[in-house]
file coords34.pdb (PDB, C-alpha atoms)
ATOM      1  CA  MET A   1      -1.995  12.067  34.596
ATOM      2  CA  TRP A   2       0.820  11.868  32.040
ATOM      3  CA  ARG A   3       2.939   8.757  32.340
ATOM      4  CA  VAL A   4       6.340   8.105  30.836
ATOM      5  CA  GLY A   5       6.829   5.129  28.536
ATOM      6  CA  THR A   6      10.217   3.846  27.396
ATOM      7  CA  VAL A   7      10.578   2.530  23.849
ATOM      8  CA  ILE A   8      11.717  -1.102  24.051
ATOM      9  CA  ALA A   9      11.193  -2.177  20.433
ATOM     10  CA  LEU A  10      10.423  -0.786  16.981
ATOM     11  CA  HIS A  11       9.014  -2.804  14.121
ATOM     12  CA  ASP A  12       8.183  -1.668  10.597
ATOM     13  CA  GLU A  13       4.806  -3.091   9.569
ATOM     14  CA  THR A  14       4.801  -1.555   6.070
ATOM     15  CA  ALA A  15       6.794   1.114   4.211
ATOM     16  CA  THR A  16       4.903   3.813   6.109
ATOM     17  CA  ALA A  17       3.692   2.240   9.358
ATOM     18  CA  ARG A  18       5.757   1.399  12.414
ATOM     19  CA  THR A  19       4.836  -0.361  15.636
ATOM     20  CA  ILE A  20       6.335   1.174  18.750
ATOM     21  CA  THR A  21       6.493  -1.040  21.839
ATOM     22  CA  LEU A  22       6.588   0.891  25.083
ATOM     23  CA  GLU A  23       7.124  -0.198  28.638
ATOM     24  CA  VAL A  24       5.175   1.932  31.096
ATOM     25  CA  SER A  25       5.962   1.197  34.720
ATOM     26  CA  ASP A  26       2.653   2.188  36.361
ATOM     27  CA  TRP A  27       0.400   1.286  33.442
ATOM     28  CA  PRO A  28      -3.150   0.240  34.417
ATOM     29  CA  ARG A  29      -4.295  -2.743  32.376
ATOM     30  CA  HIS A  30      -6.048  -1.438  29.249
ATOM     31  CA  VAL A  31      -9.080  -2.835  27.434
ATOM     32  CA  ALA A  32      -8.933  -3.794  23.736
ATOM     33  CA  GLY A  33     -10.063  -0.859  21.602
ATOM     34  CA  GLN A  34      -8.793   1.913  23.846
ATOM     35  CA  HIS A  35      -6.364   4.600  22.767
ATOM     36  CA  VAL A  36      -3.725   6.812  24.313
ATOM     37  CA  ASP A  37      -2.757  10.430  23.845
ATOM     38  CA  VAL A  38       0.928  10.927  23.092
ATOM     39  CA  ARG A  39       2.535  14.263  23.944
ATOM     40  CA  LEU A  40       5.755  15.472  22.377
ATOM     41  CA  THR A  41       7.394  18.571  23.791
ATOM     42  CA  ALA A  42      10.110  20.515  21.963
ATOM     43  CA  SER A  43      13.036  22.166  23.724
ATOM     44  CA  ASP A  44      11.290  25.559  23.395
ATOM     45  CA  GLY A  45       8.258  24.244  25.289
ATOM     46  CA  TYR A  46       5.992  23.822  22.246
ATOM     47  CA  SER A  47       4.009  20.630  22.616
ATOM     48  CA  ALA A  48       1.767  18.571  20.361
ATOM     49  CA  VAL A  49      -0.688  15.876  21.423
ATOM     50  CA  ARG A  50      -1.963  13.099  19.150
ATOM     51  CA  SER A  51      -4.187  10.080  19.794
ATOM     52  CA  TYR A  52      -3.104   6.566  18.796
ATOM     53  CA  SER A  53      -4.980   3.320  19.208
ATOM     54  CA  ILE A  54      -3.388   0.564  21.233
ATOM     55  CA  ALA A  55      -2.554  -2.465  19.064
ATOM     56  CA  SER A  56      -1.567  -4.923  21.778
ATOM     57  CA  ALA A  57      -3.751  -7.156  23.910
ATOM     58  CA  PRO A  58      -4.223  -6.176  27.533
ATOM     59  CA  ASN A  59      -1.335  -7.549  29.597
ATOM     60  CA  SER A  60       0.003  -7.238  33.098
ATOM     61  CA  GLU A  61       3.566  -6.385  32.072
ATOM     62  CA  GLY A  62       2.897  -2.717  31.369
ATOM     63  CA  ARG A  63       3.586  -3.201  27.667
ATOM     64  CA  VAL A  64       1.789  -1.003  25.167
ATOM     65  CA  GLU A  65       2.145  -1.270  21.401
ATOM     66  CA  LEU A  66       1.125   1.610  19.156
ATOM     67  CA  THR A  67       1.119   1.379  15.370
ATOM     68  CA  VAL A  68       1.653   4.762  13.763
ATOM     69  CA  GLU A  69       1.049   5.512  10.092
ATOM     70  CA  ARG A  70       3.321   8.207   8.705
ATOM     71  CA  LEU A  71       1.388  11.127   7.242
ATOM     72  CA  PRO A  72       3.243  13.082   4.522
ATOM     73  CA  ASN A  73       2.672  16.464   6.159
ATOM     74  CA  GLY A  74       2.268  15.225   9.706
ATOM     75  CA  GLU A  75       3.747  17.121  12.594
ATOM     76  CA  VAL A  76       4.148  14.141  14.911
ATOM     77  CA  SER A  77       3.943  10.919  12.888
ATOM     78  CA  PRO A  78       7.203  11.462  10.885
ATOM     79  CA  TYR A  79       9.088  11.786  14.172
ATOM     80  CA  LEU A  80       7.444   8.703  15.689
ATOM     81  CA  THR A  81       8.003   6.553  12.592
ATOM     82  CA  GLN A  82      11.466   7.734  11.536
ATOM     83  CA  GLU A  83      13.403   9.313  14.377
ATOM     84  CA  LEU A  84      12.225   7.703  17.596
ATOM     85  CA  ALA A  85      14.788   5.151  18.863
ATOM     86  CA  VAL A  86      14.847   2.305  21.359
ATOM     87  CA  GLY A  87      15.479   3.762  24.808
ATOM     88  CA  ASP A  88      13.700   7.048  24.043
ATOM     89  CA  ARG A  89      10.872   8.148  26.292
ATOM     90  CA  LEU A  90       7.376   9.298  25.380
ATOM     91  CA  GLU A  91       4.689  10.935  27.483
ATOM     92  CA  LEU A  92       1.378   9.056  27.445
ATOM     93  CA  ARG A  93      -2.098   9.752  28.775
ATOM     94  CA  GLY A  94      -4.509   6.869  29.083
ATOM     95  CA  PRO A  95      -5.767   4.269  28.521
ATOM     96  CA  ILE A  96      -8.719   6.291  27.202
ATOM     97  CA  GLY A  97     -12.266   5.306  26.262
ATOM     98  CA  GLY A  98     -14.893   2.902  27.561
ATOM     99  CA  TRP A  99     -17.197   2.809  24.524
ATOM    100  CA  PHE A 100     -15.234   1.501  21.548
ATOM    101  CA  VAL A 101     -13.992  -1.535  23.484
ATOM    102  CA  TRP A 102     -14.372  -5.298  23.378
ATOM    103  CA  ARG A 103     -14.409  -6.947  26.780
ATOM    104  CA  THR A 104     -13.499 -10.600  27.183
ATOM    105  CA  GLN A 105     -16.833 -11.315  28.920
ATOM    106  CA  GLN A 106     -18.639 -10.611  25.630
ATOM    107  CA  THR A 107     -19.663 -13.907  24.025
ATOM    108  CA  GLU A 108     -21.840 -12.693  21.137
ATOM    109  CA  PRO A 109     -20.593 -12.748  17.513
ATOM    110  CA  ILE A 110     -18.309  -9.818  16.758
ATOM    111  CA  GLN A 111     -18.077  -8.124  13.382
ATOM    112  CA  LEU A 112     -14.979  -6.021  12.852
ATOM    113  CA  ILE A 113     -14.745  -3.685   9.860
ATOM    114  CA  ALA A 114     -11.476  -1.829   9.285
ATOM    115  CA  GLY A 115     -10.533   0.820   6.767
ATOM    116  CA  GLY A 116      -6.744   1.229   6.403
ATOM    117  CA  SER A 117      -5.053   1.912   9.717
ATOM    118  CA  GLY A 118      -8.460   1.520  11.371
ATOM    119  CA  ILE A 119      -7.308  -2.074  11.822
ATOM    120  CA  VAL A 120      -5.194  -1.096  14.858
ATOM    121  CA  PRO A 121      -7.786  -1.125  17.693
ATOM    122  CA  LEU A 122      -9.549  -4.089  16.043
ATOM    123  CA  MET A 123      -6.243  -6.000  16.092
ATOM    124  CA  ALA A 124      -6.100  -5.389  19.844
ATOM    125  CA  MET A 125      -9.553  -7.021  20.083
ATOM    126  CA  ILE A 126      -8.467 -10.058  18.030
ATOM    127  CA  ARG A 127      -5.291 -10.393  20.108
ATOM    128  CA  SER A 128      -7.256  -9.982  23.332
ATOM    129  CA  ARG A 129      -9.655 -12.718  22.225
ATOM    130  CA  ALA A 130      -6.702 -15.064  21.549
ATOM    131  CA  SER A 131      -4.804 -14.282  24.735
ATOM    132  CA  THR A 132      -7.797 -14.955  26.976
ATOM    133  CA  GLY A 133      -9.004 -18.077  25.147
ATOM    134  CA  SER A 134     -12.375 -16.476  24.373
ATOM    135  CA  ALA A 135     -14.687 -18.514  22.141
ATOM    136  CA  ALA A 136     -16.585 -15.508  20.774
ATOM    137  CA  PRO A 137     -16.855 -15.858  16.983
ATOM    138  CA  PHE A 138     -15.072 -12.993  15.201
ATOM    139  CA  ARG A 139     -15.201 -11.864  11.609
ATOM    140  CA  LEU A 140     -12.920  -9.201  10.195
ATOM    141  CA  LEU A 141     -13.583  -7.342   6.968
ATOM    142  CA  TYR A 142     -10.448  -5.338   6.229
ATOM    143  CA  SER A 143     -10.533  -2.730   3.490
ATOM    144  CA  VAL A 144      -7.085  -1.639   2.385
ATOM    145  CA  ARG A 145      -5.626   0.092  -0.676
ATOM    146  CA  LYS A 146      -3.188  -2.568  -1.806
ATOM    147  CA  PRO A 147      -1.576  -5.786  -0.553
ATOM    148  CA  GLU A 148       1.616  -4.005   0.570
ATOM    149  CA  ALA A 149      -0.404  -1.750   2.884
ATOM    150  CA  VAL A 150      -1.873  -4.580   4.978
ATOM    151  CA  LEU A 151      -0.894  -4.304   8.628
ATOM    152  CA  TYR A 152      -0.308  -7.421  10.772
ATOM    153  CA  ARG A 153      -0.815  -9.806   7.838
ATOM    154  CA  ASN A 154       1.196 -12.666   9.345
ATOM    155  CA  ASP A 155      -0.277 -12.254  12.800
ATOM    156  CA  LEU A 156      -3.799 -12.193  11.407
ATOM    157  CA  GLN A 157      -3.151 -15.318   9.353
ATOM    158  CA  THR A 158      -1.671 -17.157  12.336
ATOM    159  CA  LEU A 159      -4.550 -16.254  14.636
ATOM    160  CA  SER A 160      -7.114 -17.200  12.011
ATOM    161  CA  ASP A 161      -5.395 -20.507  11.117
ATOM    162  CA  ARG A 162      -5.270 -21.477  14.768
ATOM    163  CA  ASP A 163      -8.974 -20.928  15.366
ATOM    164  CA  ASN A 164     -11.728 -21.364  12.813
ATOM    165  CA  LYS A 165     -13.897 -18.941  14.759
ATOM    166  CA  VAL A 166     -11.778 -16.048  13.499
ATOM    167  CA  SER A 167     -12.356 -15.360   9.813
ATOM    168  CA  LEU A 168     -10.645 -12.776   7.624
ATOM    169  CA  THR A 169     -11.779 -11.081   4.448
ATOM    170  CA  TYR A 170      -9.609  -8.548   2.647
ATOM    171  CA  ALA A 171     -11.186  -5.961   0.380
ATOM    172  CA  TYR A 172      -8.626  -4.146  -1.774
ATOM    173  CA  THR A 173      -9.622  -0.721  -3.035
ATOM    174  CA  ARG A 174      -6.790   0.160  -5.501
ATOM    175  CA  ALA A 175      -4.737  -2.924  -6.342
ATOM    176  CA  THR A 176      -5.245  -6.615  -5.605
ATOM    177  CA  PRO A 177      -2.935  -9.607  -5.409
ATOM    178  CA  LYS A 178      -2.659 -11.599  -8.668
ATOM    179  CA  ASP A 179      -5.784 -13.640  -9.509
ATOM    180  CA  TRP A 180      -7.790 -12.075  -6.708
ATOM    181  CA  PRO A 181     -11.481 -12.921  -7.189
ATOM    182  CA  ARG A 182     -12.829  -9.405  -6.586
ATOM    183  CA  ALA A 183     -11.978  -6.333  -8.644
ATOM    184  CA  PRO A 184     -10.507  -3.427  -6.649
ATOM    185  CA  GLY A 185     -13.260  -1.416  -5.063
ATOM    186  CA  ARG A 186     -14.858  -0.180  -1.912
ATOM    187  CA  ILE A 187     -16.885  -2.339   0.424
ATOM    188  CA  ASP A 188     -20.381  -2.715  -1.029
ATOM    189  CA  ALA A 189     -23.671  -4.380  -0.113
ATOM    190  CA  ALA A 190     -22.700  -7.651  -1.826
ATOM    191  CA  LEU A 191     -19.509  -7.921   0.182
ATOM    192  CA  ILE A 192     -21.337  -7.096   3.405
ATOM    193  CA  ALA A 193     -23.814  -9.891   2.599
ATOM    194  CA  ASP A 194     -21.036 -12.395   1.758
ATOM    195  CA  ALA A 195     -18.428 -11.686   4.371
ATOM    196  CA  THR A 196     -20.104 -10.385   7.523
ATOM    197  CA  TRP A 197     -22.407 -11.827  10.165
ATOM    198  CA  SER A 198     -26.087 -11.697   9.362
ATOM    199  CA  SER A 199     -28.042  -9.208  11.429
ATOM    200  CA  ASN A 200     -30.194 -12.165  12.608
ATOM    201  CA  LEU A 201     -27.284 -13.203  14.823
ATOM    202  CA  ALA A 202     -27.298  -9.760  16.467
ATOM    203  CA  PRO A 203     -23.529  -9.290  16.329
ATOM    204  CA  THR A 204     -21.864  -6.293  17.906
ATOM    205  CA  CYS A 205     -20.126  -4.403  15.098
ATOM    206  CA  PHE A 206     -16.978  -2.303  15.483
ATOM    207  CA  VAL A 207     -16.171  -0.034  12.544
ATOM    208  CA  CYS A 208     -12.921   1.945  12.469
ATOM    209  CA  GLY A 209     -11.232   4.006   9.783
ATOM    210  CA  PRO A 210     -11.370   7.356   8.016
ATOM    211  CA  THR A 211     -14.627   9.223   8.645
ATOM    212  CA  SER A 212     -15.979   8.713   5.108
ATOM    213  CA  PHE A 213     -15.213   4.988   5.309
ATOM    214  CA  VAL A 214     -16.962   4.669   8.673
ATOM    215  CA  GLU A 215     -20.052   6.489   7.382
ATOM    216  CA  GLY A 216     -20.205   4.259   4.287
ATOM    217  CA  ALA A 217     -19.730   0.982   6.165
ATOM    218  CA  THR A 218     -22.220   1.972   8.876
ATOM    219  CA  ASP A 219     -24.866   2.845   6.273
ATOM    220  CA  LEU A 220     -24.341  -0.558   4.598
ATOM    221  CA  LEU A 221     -24.699  -2.371   7.937
ATOM    222  CA  ILE A 222     -27.906  -0.513   8.748
ATOM    223  CA  ALA A 223     -29.273  -1.207   5.256
ATOM    224  CA  SER A 224     -28.619  -4.922   5.798
ATOM    225  CA  GLY A 225     -30.664  -4.906   8.997
ATOM    226  CA  HIS A 226     -28.210  -4.210  11.804
ATOM    227  CA  GLY A 227     -29.509  -2.003  14.605
ATOM    228  CA  ARG A 228     -27.722   1.299  15.071
ATOM    229  CA  ASP A 229     -27.325   0.427  18.747
ATOM    230  CA  LYS A 230     -25.250  -2.628  17.780
ATOM    231  CA  ILE A 231     -22.718  -0.588  15.797
ATOM    232  CA  ARG A 232     -19.836   1.192  17.491
ATOM    233  CA  THR A 233     -17.609   3.461  15.482
ATOM    234  CA  GLU A 234     -14.249   5.141  15.712
ATOM    235  CA  ARG A 235     -13.469   7.763  13.097
ATOM    236  CA  PHE A 236      -9.952   8.844  12.199
ATOM    237  CA  GLY A 237     -10.898  11.996  10.261
ATOM    238  CA  PRO A 238     -10.686  13.002   6.610
ATOM    239  CA  THR A 239      -7.057  12.074   5.980
ATOM    240  CA  GLY A 240      -7.424   8.468   6.907
ATOM    241  CA  ASP A 241      -5.539   9.027  10.099
ATOM    242  CA  ARG A 242      -5.757  11.069  13.218
ATOM    243  CA  LYS A 243      -3.983  14.381  12.803
TER
ATOM    244  CA  MET B   1     -27.783  13.550   9.077
ATOM    245  CA  SER B   2     -24.211  12.813   8.119
ATOM    246  CA  SER B   3     -22.187  15.712   6.827
ATOM    247  CA  HIS B   4     -20.343  15.160   3.582
ATOM    248  CA  THR B   5     -17.241  17.072   4.531
ATOM    249  CA  TYR B   6     -16.128  14.213   6.787
ATOM    250  CA  ASP B   7     -13.940  16.465   8.867
ATOM    251  CA  TYR B   8     -15.218  15.227  12.197
ATOM    252  CA  LEU B   9     -14.152  12.537  14.618
ATOM    253  CA  ASP B  10     -15.978  10.794  17.474
ATOM    254  CA  GLY B  11     -16.406  11.828  21.075
ATOM    255  CA  ASN B  12     -13.583   9.383  21.692
ATOM    256  CA  ALA B  13     -11.112  11.817  20.136
ATOM    257  CA  ALA B  14     -11.781  14.443  22.811
ATOM    258  CA  ALA B  15     -11.851  11.916  25.635
ATOM    259  CA  GLY B  16      -8.266  12.481  26.742
ATOM    260  CA  GLU B  17      -8.750  16.220  27.272
ATOM    261  CA  LEU B  18     -12.171  15.808  28.892
ATOM    262  CA  SER B  19     -11.180  12.959  31.165
ATOM    263  CA  ALA B  20      -8.345  15.144  32.446
ATOM    264  CA  ILE B  21     -11.030  17.619  33.535
ATOM    265  CA  PHE B  22     -13.728  15.225  34.751
ATOM    266  CA  GLY B  23     -11.402  12.645  36.274
ATOM    267  CA  MET B  24     -13.297   9.807  34.644
ATOM    268  CA  ASP B  25     -14.090   8.396  31.246
ATOM    269  CA  VAL B  26     -16.618  10.550  29.413
ATOM    270  CA  THR B  27     -17.094   8.401  26.302
ATOM    271  CA  ILE B  28     -19.726   6.247  28.007
ATOM    272  CA  ALA B  29     -21.427   9.256  29.628
ATOM    273  CA  GLU B  30     -24.854  10.062  28.205
ATOM    274  CA  SER B  31     -25.508  13.581  27.044
ATOM    275  CA  GLN B  32     -28.863  15.119  26.245
ATOM    276  CA  CYS B  33     -28.878  17.628  23.402
ATOM    277  CA  ALA B  34     -30.433  20.938  24.450
ATOM    278  CA  HIS B  35     -31.707  21.462  20.893
ATOM    279  CA  CYS B  36     -33.332  18.158  19.808
ATOM    280  CA  GLY B  37     -33.459  16.300  23.120
ATOM    281  CA  ALA B  38     -31.650  13.210  21.839
ATOM    282  CA  ILE B  39     -29.815  11.268  24.544
ATOM    283  CA  LYS B  40     -26.665   9.660  23.165
ATOM    284  CA  ARG B  41     -23.363   8.395  24.486
ATOM    285  CA  PHE B  42     -20.761  11.123  24.315
ATOM    286  CA  ALA B  43     -18.635   8.705  22.233
ATOM    287  CA  GLU B  44     -21.207   9.085  19.462
ATOM    288  CA  ALA B  45     -20.971  12.881  19.245
ATOM    289  CA  HIS B  46     -19.259  14.390  16.214
ATOM    290  CA  VAL B  47     -16.106  16.123  17.348
ATOM    291  CA  TYR B  48     -14.233  18.816  15.447
ATOM    292  CA  MET B  49     -10.638  19.306  16.531
ATOM    293  CA  GLN B  50      -9.220  21.547  13.819
ATOM    294  CA  ALA B  51     -10.431  24.736  15.511
ATOM    295  CA  PRO B  52      -8.449  26.504  18.252
ATOM    296  CA  GLY B  53     -10.489  24.405  20.650
ATOM    297  CA  VAL B  54     -12.657  21.298  20.593
ATOM    298  CA  VAL B  55     -16.277  21.414  19.438
ATOM    299  CA  ALA B  56     -18.649  18.476  19.945
ATOM    300  CA  ARG B  57     -21.911  18.382  17.989
ATOM    301  CA  CYS B  58     -25.004  16.234  18.413
ATOM    302  CA  ALA B  59     -24.861  13.249  16.020
ATOM    303  CA  VAL B  60     -28.599  13.597  15.413
ATOM    304  CA  CYS B  61     -29.210  17.341  14.824
ATOM    305  CA  GLN B  62     -25.629  18.710  14.577
ATOM    306  CA  HIS B  63     -26.159  21.415  17.175
ATOM    307  CA  VAL B  64     -23.201  22.284  19.395
ATOM    308  CA  LEU B  65     -23.123  20.226  22.612
ATOM    309  CA  LEU B  66     -19.808  21.306  24.040
ATOM    310  CA  ARG B  67     -16.914  23.662  23.431
ATOM    311  CA  LEU B  68     -13.540  23.438  25.111
ATOM    312  CA  VAL B  69     -10.707  25.923  24.733
ATOM    313  CA  LYS B  70      -7.446  25.714  26.620
ATOM    314  CA  ALA B  71      -5.348  28.830  26.951
ATOM    315  CA  ARG B  72      -2.930  30.350  29.443
ATOM    316  CA  GLN B  73      -3.202  27.470  31.940
ATOM    317  CA  ARG B  74      -6.984  27.609  31.889
ATOM    318  CA  ALA B  75      -9.680  25.419  30.383
ATOM    319  CA  PHE B  76     -12.861  27.165  29.180
ATOM    320  CA  LEU B  77     -15.650  24.602  29.038
ATOM    321  CA  ASP B  78     -19.006  25.628  27.528
ATOM    322  CA  LEU B  79     -21.707  22.994  28.105
ATOM    323  CA  ARG B  80     -24.787  25.053  27.264
ATOM    324  CA  GLY B  81     -25.674  22.734  24.376
ATOM    325  CA  MET B  82     -26.453  19.921  26.810
ATOM    326  CA  THR B  83     -29.358  19.898  29.178
ATOM    327  CA  CYS B  84     -27.743  17.058  31.071
ATOM    328  CA  LEU B  85     -24.523  15.048  31.143
ATOM    329  CA  ILE B  86     -24.961  11.740  32.945
ATOM    330  CA  LEU B  87     -21.675  10.338  34.231
ATOM    331  CA  ASP B  88     -21.248   6.840  35.605
ATOM    332  CA  THR B  89     -19.421   7.535  38.838
ATOM    333  CA  SER B  90     -18.678   3.867  39.431
ATOM    334  CA  ARG B  91     -16.172   3.908  36.596
ATOM    335  CA  PHE B  92     -13.112   5.884  37.364
ATOM    336  CA  LEU B  93     -10.564   6.715  34.776
ATOM    337  CA  GLU B  94      -7.421   5.215  36.188
ATOM    338  CA  SER B  95      -8.576   1.620  35.968
ATOM    339  CA  GLY B  96      -9.598   2.109  32.344
ATOM    340  CA  ARG B  97     -12.422  -0.375  32.957
TER
END

call {"tool": "encode", "arguments": {"input": "coords34.pdb", "output": "structure tokens"}}
result
Amino acid sequence: MWRVGTVIALHDETATARTITLEVSDWPRHVAGQHVDVRLTASDGYSAVRSYSIASAPNSEGRVELTVERLPNGEVSPYLTQELAVGDRLELRGPIGGWFVWRTQQTEPIQLIAGGSGIVPLMAMIRSRASTGSAAPFRLLYSVRKPEAVLYRNDLQTLSDRDNKVSLTYAYTRATPKDWPRAPGRIDAALIADATWSSNLAPTCFVCGPTSFVEGATDLLIASGHGRDKIRTERFGPTGDRK
Amino acid sequence: MSSHTYDYLDGNAAAGELSAIFGMDVTIAESQCAHCGAIKRFAEAHVYMQAPGVVARCAVCQHVLLRLVKARQRAFLDLRGMTCLILDTSRFLESGR
């Protein structure tokens, strides 16, 4: 049930988010969008379990990347983002979930909408699309507080430059880059109309982020004509991250 | 329909604990609410994890579907809020597919 993963690399994505690359010897191939439970056990036997989305594309090498955002009062995330070292071992359960997933056989247009660290499972979908040579047209609308908080910026740019069927739109909520055309603000109906697939194309939509963000984005999609059955959501809770 | 406290997650969040019990993925299972009769994927349920256990509520009417408490090497699973849980037995957990 619980497998052991060994940390083989650590990479800081932003000032508060770190990607942990694990090698898990008996790892079953995952599907983009799935998550794992991570269990930490203290020397006195106290243990804490947290869920983290997988950021990497499915692969046959047993490699799993998790991107963890440090929460100021977190019990687990400060350890994972500040103390964990290469060579350390972590207990994992998973891959988990068969609903919030993108499978490479899917050819319909895909609309991804991320709020903050909700980008993580959507990044796995974009990477999975690239690694399998899928031609499914993808659009990403990525809402993030400020430019410095963007995860995977270079990777996203590279994947989008390489293939014009992957388009990116950033929506900054607090601070924008210089001369940015849109004032800081939440995703609204105008942005949904400009930057996402029309409901006429019947895209499958994946929305991931804090619960309030997911509710807001889902309501906007439904108001613009998308069927509820075409929208799949993953909520991270009130803090903007899983506990 | 949607609560404004935003303190809930999706059925996905409880999937690790539940799949350990059921031996298969439960997020794609369909559950019928015993209160309003809605049939939804378990992934769409609203899940509250800040209690001593896990509580899943119907996304349509908010009635309790499931409660799970783990204590002293036991799991207490209360499913009275569902009239039926439909599991796809062709999809076993370990493959993740």

call {"tool": "resolve_selection", "arguments": {"input": "coords34.pdb", "expression": "the PyMOL selection byres ((chain B and resi 18-33) around 6)", "output": "PDB file with C-alpha atoms, keeping the file's coordinate frame"}}
result
ATOM      1  CA  GLY A  97     -12.266   5.306  26.262  1.00  0.00           C
ATOM      2  CA  GLY A  98     -14.893   2.902  27.561  1.00  0.00           C
ATOM      3  CA  TRP A  99     -17.197   2.809  24.524  1.00  0.00           C
TER       4      TRP A  99
ATOM      5  CA  ASN B  12     -13.583   9.383  21.692  1.00  0.00           C
ATOM      6  CA  ALA B  15     -11.851  11.916  25.635  1.00  0.00           C
ATOM      7  CA  GLY B  16      -8.266  12.481  26.742  1.00  0.00           C
ATOM      8  CA  GLU B  17      -8.750  16.220  27.272  1.00  0.00           C
ATOM      9  CA  ALA B  34     -30.433  20.938  24.450  1.00  0.00           C
ATOM     10  CA  HIS B  35     -31.707  21.462  20.893  1.00  0.00           C
ATOM     11  CA  CYS B  36     -33.332  18.158  19.808  1.00  0.00           C
ATOM     12  CA  GLY B  37     -33.459  16.300  23.120  1.00  0.00           C
ATOM     13  CA  ALA B  38     -31.650  13.210  21.839  1.00  0.00           C
ATOM     14  CA  ILE B  39     -29.815  11.268  24.544  1.00  0.00           C
ATOM     15  CA  LYS B  40     -26.665   9.660  23.165  1.00  0.00           C
ATOM     16  CA  ARG B  41     -23.363   8.395  24.486  1.00  0.00           C
ATOM     17  CA  PHE B  42     -20.761  11.123  24.315  1.00  0.00           C
ATOM     18  CA  ALA B  43     -18.635   8.705  22.233  1.00  0.00           C
ATOM     19  CA  MET B  82     -26.453  19.921  26.810  1.00  0.00           C
ATOM     20  CA  THR B  83     -29.358  19.898  29.178  1.00  0.00           C
ATOM     21  CA  CYS B  84     -27.743  17.058  31.071  1.00  0.00           C
ATOM     22  CA  LEU B  85     -24.523  15.048  31.143  1.00  0.00           C
ATOM     23  CA  ILE B  86     -24.961  11.740  32.945  1.00  0.00           C
ATOM     24  CA  LEU B  87     -21.675  10.338  34.231  1.00  0.00           C
ATOM     25  CA  PHE B  92     -13.112   5.884  37.364  1.00  0.00           C
ATOM     26  CA  LEU B  93     -10.564   6.715  34.776  1.00  0.00           C
TER      27      LEU B  93
END

call {"tool": "interface_residues", "arguments": {"input": "coords34.pdb", "of": "chain A", "to": "chain B", "cutoff": "6 Å", "atoms": "all atoms listed in the file", "output": "PyMOL selection string"}}
result
chain A and resi 28+30+95+97-99+211-212+235+237-238

call {"tool": "resolve_selection", "arguments": {"input": "coords34.pdb", "expression": "the PyMOL selection byres ((chain A and resi 123) around 10)", "output": "MDAnalysis selection string"}}
result
chainID A and resid 32:33 53:57 112 114 118:122 124:129 140 151:152 155:156

call {"tool": "resolve_selection", "arguments": {"input": "coords34.pdb", "expression": "the PyMOL selection byres ((chain A and resi 230) around 10)", "output": "list in words"}}
result
Ser199, Ala202, Pro203, Thr204, Cys205, Phe206, Leu221, Ile222, His226, Gly227, Arg228, Asp229, Ile231 and Arg232 of chain A

call {"tool": "atom_distance", "arguments": {"input": "coords34.pdb", "atom1": "CA of Ala135 (chain A)", "atom2": "CA of Thr233 (chain A)"}}
result
23.1 Å

call {"tool": "residues_around", "arguments": {"input": "coords34.pdb", "residues": "region 66-80 of chain A", "least_positions_apart": "2", "cutoff": "7 Å", "atoms": "all atoms listed in the file", "output": "list in words"}}
result
Thr16, Ala17, Arg18, Thr19, Ile20, Thr21, Tyr52, Ser53, Ile54, Ala55, Val64, Gln82, Glu83, Leu84 and Val120 of chain A

call {"tool": "decode", "arguments": {"input": "coords34.pdb", "residues": "region 32-50 of chain B", "atoms": "C-alpha atoms", "output": "mmCIF file, in the first residue's frame"}}
result
data_model
loop_
_atom_site.group_PDB
_atom_site.id
_atom_site.type_symbol
_atom_site.label_atom_id
_atom_site.label_comp_id
_atom_site.auth_asym_id
_atom_site.auth_seq_id
_atom_site.Cartn_x
_atom_site.Cartn_y
_atom_site.Cartn_z
ATOM 1 C CA GLN B 32 -26.712 7.928 -4.957
ATOM 2 C CA CYS B 33 -27.680 10.382 -2.232
ATOM 3 C CA ALA B 34 -30.192 8.875 0.195
ATOM 4 C CA HIS B 35 -31.724 12.325 0.746
ATOM 5 C CA CYS B 36 -32.214 13.879 -2.729
ATOM 6 C CA GLY B 37 -31.574 10.868 -4.958
ATOM 7 C CA ALA B 38 -28.905 12.573 -7.064
ATOM 8 C CA ILE B 39 -26.415 10.167 -8.634
ATOM 9 C CA LYS B 40 -22.974 11.751 -8.897
ATOM 10 C CA ARG B 41 -19.385 10.613 -9.159
ATOM 11 C CA PHE B 42 -17.839 10.381 -5.724
ATOM 12 C CA ALA B 43 -15.129 12.780 -6.987
ATOM 13 C CA GLU B 44 -17.802 15.477 -7.111
ATOM 14 C CA ALA B 45 -18.842 15.146 -3.461
ATOM 15 C CA HIS B 46 -17.859 17.923 -1.069
ATOM 16 C CA VAL B 47 -15.408 16.540 1.443
ATOM 17 C CA TYR B 48 -14.615 18.028 4.839
ATOM 18 C CA MET B 49 -11.338 16.871 6.344
ATOM 19 C CA GLN B 50 -10.860 19.228 9.277
#
